[in-house]
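**Q** Got a structure for you, questions after.
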Amino acid sequence: MSNPSLLILAGDGIGPEVMDEVKKIITWFGDKRDVNIDVSEDLVGGAAYDAHGTPLHDDTMAKAQEADAVLLGAVGGPKYDVLDFSVKPERGLLRLRKEMDLFSNLRPAQCFDALADFSSLKKDIVAGLDIMIVRELTSGIYFGEPRGIETIDNERVGINTQRYTESEIARVARSAFELARKRDNRVCSMEKANVMESGILWQTVVNEVHQAEYSDVELSHMYADNGAMQLVRNPKQFDVIVTDNLFGDILSDAAAMLTGSLGMLPSASLGAPMANGRPKAMYEPVHGSAPDIAGQGKANPIACVLSFAMALRYSFDQGAEADRLEAAVEAVLASGARTADLLAAEGETPISTSEMGDAIVAALDASL
Ligand code: NAD
């Protein structure tokens with residue numbers, strides 16, 4: 001079998017800095033674990049605009065469609081704020097998501113014990129937390145028609161439409177059930193079937209997909225408002241949560257804060273399976289290009305490293321190696337090593353971006 005392919009788009013600001021650390025880890029997996037990945041690199045965002053006058057060149061888009069997975073750093077920066085909306089760095093990211101049809105957005109909320117004090121919730125509520133929010137990303141109220149601001153009966157009316165087809169619900173439900181099978185085998189579906197017809201259809205279709213294809217997975221349902229409450233009351237009750245675009249936007253941001261720093265949060269966006277059975281996939285840290293610290297060796301590379309761990313698990317069928325990488329990150333944090341964003345008290349000395357990468361590689365060595 002040929003090696004899986006990974007297209008790296010490091011982007012702008014701290015993107016290239018954190019990506020350098022991931023490259024060390026990719027090299028380690030090739031050298032020490034025989035996990036060989038064909039890596040290619042290209043430009044996205046402001047870097048692509050500087051080179052080509054567009055935030056995503058057509059050739060790069062074509063490479064992304066071909067690759068088994070894309071790993072993206074971050075895009076944007078103050079230099080590009082003056083650009084026309086059509087060529088802003090973020091447009092490159094949106095084009096990738098749209099043309100690859102990445103309808104399933106995975107946002108894990110994982111709390112490493114060593115960082116439990118960083119959460120705004122009590123330590124015992126978040127320590128050891130490991131949940132996954134699956135958000136539908138390409139439909140729902142952010143895209144539904146009609147939309148707009150109209151004048152009706154002499155006053156302005158803002159209109160958006162929540163609209164889901166059964167196939168859109170079914171495919172994201174499948175994505176959640178598949179993930180659950182690789183985790184604790186439990187899915188909780190969240191909607192507002194008590195007040196929304198789209199919620200009734202959502203619940204019905206999730207049940208149908210469950211019965212027909214995934215009856216081995218434990219399924220429960222919750223109204224999204226109760227889900228928000230339960231996420232801060234007792235988040236460890238969940239394994240996989242599947243929900244629509246709007247509720248997922250809100251619930252995943254709330255869940256993210258359970259874990260502390262932005263520098264720790266990975267994500268994945270998955271699409272339909274390709275001819276080789278792997279889903280179309282793009283992995284990226286949740287954070288942006290952090291222009292305030294770019295070029296200073298201060299960025300925390302862990303969000304990007306954990307995004308690569310997700311690629312190992314969900315695109316490259318290397319779940320055990322993903323576990324190994326996450327355990328290495330956990331070991332480094334447990335040893336007390338911290339980048340500046342993770343410092344708890346004044347007077348502690350942070351390590352640099354590259355020192356954090358080196359520490360993770362050393363912990364990987366120690367795992368052998
Ligand atoms: P940001 O995520 O870049 O930064 C927010 C704050 O968190 C900053 O203080 C930053 O220093 C800190 N931070 C972020 N990542 C960190 C890391 N890995 N280690 C340590 N500290 C980290 O958000 P912003 O400041 O609102 O946006 C900056 C630029 O990034 C803008 O141009 C924005 O449009 C863009 N952006 C891009 C993405 C993306 O590429 N997916 C996401 C969000 C924002």
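Naming scheme: A, B, ... for chains in displayed order of the structure tokens; residues 1 onward per chain; ligands 1 onward as shown.
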Which residues, written as a PyMOL selection string, have at least one atom at most 10 Å from A:Leu246, with only C-alpha atoms counted and residues fewer than 3 positions away on the same chain left out?

**A** chain A and resi 135-137+139-142+162+191+243+249-251

**Q** Ligand 1: which residues are within 9 Å, counting only C-alpha atoms and all ligand atoms, as a PyMOL selection string?

**A** chain A and resi 11-15+18+45+72-81+88-90+93+261-265+284-294+298-304+339-342+353

**Q** Which residues, written as a PyMOL selection string, have at least one atom at most 9 Å from A:Pro146, with only C-alpha atoms counted and residues fewer than 4 positions away on the same chain left out?

**A** chain A and resi 159-161

**Q** Can you tell me how far atom CA of A:Ala337 sits from atom CA of A:Leu106, in Å to one decimal?

**A** 27.5 Å

**Q** Determine, counting only C-alpha atoms, which protein, DNA and RNA residues have an atom within 12 Å of an atom of A:Ser354; residues of the same chain fewer than 4 positions away are not included. Present the result as a list in words.

**A**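 The contact residues come out as Pro16, Glu17, Val18, Met19, Asp20, Glu21, Val22, Lys23, Lys24, Ile25, Gly295, Gln296, Gly297, Lys298, Ala299, Asn300, Pro301, Ile302, Arg338, Thr339, Pro350, Asp358, Ala359, Ile360 and Val361 of chain A.
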
**Q** Of the residues A:Ala281, A:Leu102, A:Ala47, A:Ala180, which is the one nearest to A:Ala67, using only C-alpha atoms?

**A** A:Ala281

**Q** Apply DSSP to the backbone of this structure and, from stretch 139-263 of chain A, keep only the residues in helix (DSSP H, G or I); write these as number ranges by chain.

**A** A: 140-142, 166-181, 197-213, 224-233, 235-237, 245-257, 262-263

**Q** Name all residues at most 12 Å from A:Ala328 (count only C-alpha atoms; drop same-chain ones fewer than 4 positions away) and give them as a list in words.

**A**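 Near neighbours after the sequence-gap exclusion: Ile25, Phe112, Ile302, Val305, Leu306, Ala309, Glu321, Ala322, Asp323, Arg324, Val332, Leu333, Ala334, Ser335, Met356, Gly357, Asp358, Ala359, Ile360, Val361, Ala362, Ala363, Leu364, Asp365, Ala366, Ser367 and Leu368 of chain A.
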
**Q** Record the distance separating atom CA of A:Ser40 and atom CA of A:Leu83, expressed in Å with one decimal.

**A**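 Taking atom CA of A:Ser40 as the start and atom CA of A:Leu83 as the end point, the length is 28.2 Å.
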
**Q** Stretch 48-58 of chain A: which residues within 7 Å, counting only C-alpha atoms, same-chain residues fewer than 3 positions away excluded, as a VMD selection string?

**A** chain A and resid 43 to 45 61 to 62 87 to 89 91 to 92

**Q** Write out as a list of chain:residue names all residues of stretch 39-129 of chain A that backbone DSSP assigns to strand (DSSP E).

**A**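 Written out, the strand (DSSP E) residues of stretch 39-129 of chain A are A:Val39, A:Ser40, A:Glu41, A:Asp42, A:Ala69, A:Val70, A:Leu71, A:Leu72, A:Gly73, A:Ala74, A:Ser104, A:Asn105, A:Leu106, A:Arg107, A:Pro108, A:Ala109, A:Gln110.
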
**Q** Save the residues we just selected, N, CA, C and O atoms, as an mmCIF file, in the first residue's frame?

**A**
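Output below, filename again02.cif:
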data_model
loop_
_atom_site.group_PDB
_atom_site.id
_atom_site.type_symbol
_atom_site.label_atom_id
_atom_site.label_comp_id
_atom_site.auth_asym_id
_atom_site.auth_seq_id
_atom_site.Cartn_x
_atom_site.Cartn_y
_atom_site.Cartn_z
ATOM 1 N N VAL A 39 4.510 13.961 2.697
ATOM 2 C CA VAL A 39 4.153 15.341 3.046
ATOM 3 C C VAL A 39 4.488 16.280 1.894
ATOM 4 O O VAL A 39 5.571 16.207 1.320
ATOM 5 N N SER A 40 3.541 17.138 1.536
ATOM 6 C CA SER A 40 3.849 18.242 0.631
ATOM 7 C C SER A 40 3.375 19.526 1.298
ATOM 8 O O SER A 40 2.588 19.490 2.248
ATOM 9 N N GLU A 41 3.887 20.653 0.812
ATOM 10 C CA GLU A 41 3.556 21.921 1.456
ATOM 11 C C GLU A 41 3.150 22.943 0.419
ATOM 12 O O GLU A 41 3.624 22.916 -0.720
ATOM 13 N N ASP A 42 2.281 23.856 0.831
ATOM 14 C CA ASP A 42 1.882 24.937 -0.068
ATOM 15 C C ASP A 42 1.436 26.135 0.764
ATOM 16 O O ASP A 42 1.464 26.095 1.998
ATOM 17 N N ALA A 69 -5.233 14.024 3.562
ATOM 18 C CA ALA A 69 -5.602 14.967 4.620
ATOM 19 C C ALA A 69 -4.857 16.274 4.405
ATOM 20 O O ALA A 69 -3.765 16.289 3.822
ATOM 21 N N VAL A 70 -5.461 17.358 4.891
ATOM 22 C CA VAL A 70 -4.819 18.674 4.879
ATOM 23 C C VAL A 70 -4.594 19.072 6.336
ATOM 24 O O VAL A 70 -5.472 18.864 7.172
ATOM 25 N N LEU A 71 -3.401 19.607 6.625
ATOM 26 C CA LEU A 71 -3.139 20.147 7.967
ATOM 27 C C LEU A 71 -2.848 21.630 7.811
ATOM 28 O O LEU A 71 -1.893 22.012 7.133
ATOM 29 N N LEU A 72 -3.696 22.459 8.408
ATOM 30 C CA LEU A 72 -3.587 23.903 8.226
ATOM 31 C C LEU A 72 -3.143 24.571 9.525
ATOM 32 O O LEU A 72 -3.572 24.158 10.606
ATOM 33 N N GLY A 73 -2.255 25.570 9.417
ATOM 34 C CA GLY A 73 -1.785 26.286 10.609
ATOM 35 C C GLY A 73 -2.771 27.353 11.017
ATOM 36 O O GLY A 73 -3.678 27.116 11.809
ATOM 37 N N ALA A 74 -2.636 28.528 10.457
ATOM 38 C CA ALA A 74 -3.568 29.625 10.745
ATOM 39 C C ALA A 74 -3.422 30.659 9.646
ATOM 40 O O ALA A 74 -2.383 30.721 8.980
ATOM 41 N N SER A 104 -18.733 17.930 8.452
ATOM 42 C CA SER A 104 -18.714 17.438 9.831
ATOM 43 C C SER A 104 -17.512 18.033 10.569
ATOM 44 O O SER A 104 -16.371 17.705 10.281
ATOM 45 N N ASN A 105 -17.802 18.916 11.505
ATOM 46 C CA ASN A 105 -16.734 19.612 12.223
ATOM 47 C C ASN A 105 -16.548 18.982 13.607
ATOM 48 O O ASN A 105 -17.483 18.942 14.399
ATOM 49 N N LEU A 106 -15.357 18.478 13.846
ATOM 50 C CA LEU A 106 -15.068 17.782 15.107
ATOM 51 C C LEU A 106 -14.284 18.696 16.026
ATOM 52 O O LEU A 106 -13.176 19.113 15.679
ATOM 53 N N ARG A 107 -14.846 18.973 17.178
ATOM 54 C CA ARG A 107 -14.141 19.798 18.156
ATOM 55 C C ARG A 107 -14.022 19.026 19.464
ATOM 56 O O ARG A 107 -14.971 18.954 20.231
ATOM 57 N N PRO A 108 -12.866 18.424 19.719
ATOM 58 C CA PRO A 108 -12.717 17.723 20.986
ATOM 59 C C PRO A 108 -12.547 18.710 22.139
ATOM 60 O O PRO A 108 -11.954 19.768 21.952
ATOM 61 N N ALA A 109 -13.070 18.380 23.275
ATOM 62 C CA ALA A 109 -12.775 19.134 24.496
ATOM 63 C C ALA A 109 -12.164 18.132 25.459
ATOM 64 O O ALA A 109 -12.841 17.253 25.982
ATOM 65 N N GLN A 110 -10.856 18.273 25.610
ATOM 66 C CA GLN A 110 -10.092 17.288 26.372
ATOM 67 C C GLN A 110 -9.335 18.062 27.438
ATOM 68 O O GLN A 110 -8.684 19.052 27.106
#

**Q** When distances are computed from only C-alpha atoms, which of A:Ser167, A:Thr138, A:Gln318, A:Asn185 shows the smallest separation from A:Phe29?

**A**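 Between A:Ser167, A:Thr138, A:Gln318, A:Asn185, the residue approaching A:Phe29 most closely is A:Gln318.
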
**Q** Quick one: of A:Asn276, A:Asn234, A:Ser267, A:Thr349, who's nearest to A:Asp124, counting only C-alpha atoms?

**A**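 That would be A:Asn234, the residue with the smallest distance to A:Asp124.
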
**Q** Quick one, how far is atom CA of A:Asp68 from atom CA of A:Asp101?

**A**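 The value is 14.2 Å.
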
**Q** Name the closest residue to A:Val242 among the candidates A:Glu330, A:Glu213, A:Glu178, A:Glu197; distances are taken between atoms, counting only C-alpha atoms.

**A**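 Of A:Glu330, A:Glu213, A:Glu178, A:Glu197, the one nearest A:Val242 is A:Glu178, counting only C-alpha atoms.
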
**Q** Env of A:Gln237: 12 Å cut, atoms = only C-alpha atoms, seq-sep filter 2 positions within chain, self excluded. Answer as a list in words.

**A** Ile125, Val126, Gly128, Leu129, Asp130, Ile131, Met132, Asp184, Arg186, Val187, Cys188, Ser220, Gly227, Gln230, Leu231, Val232, Arg233, Asn234, Pro235, Asp239, Val240 and Ile241 of chain A
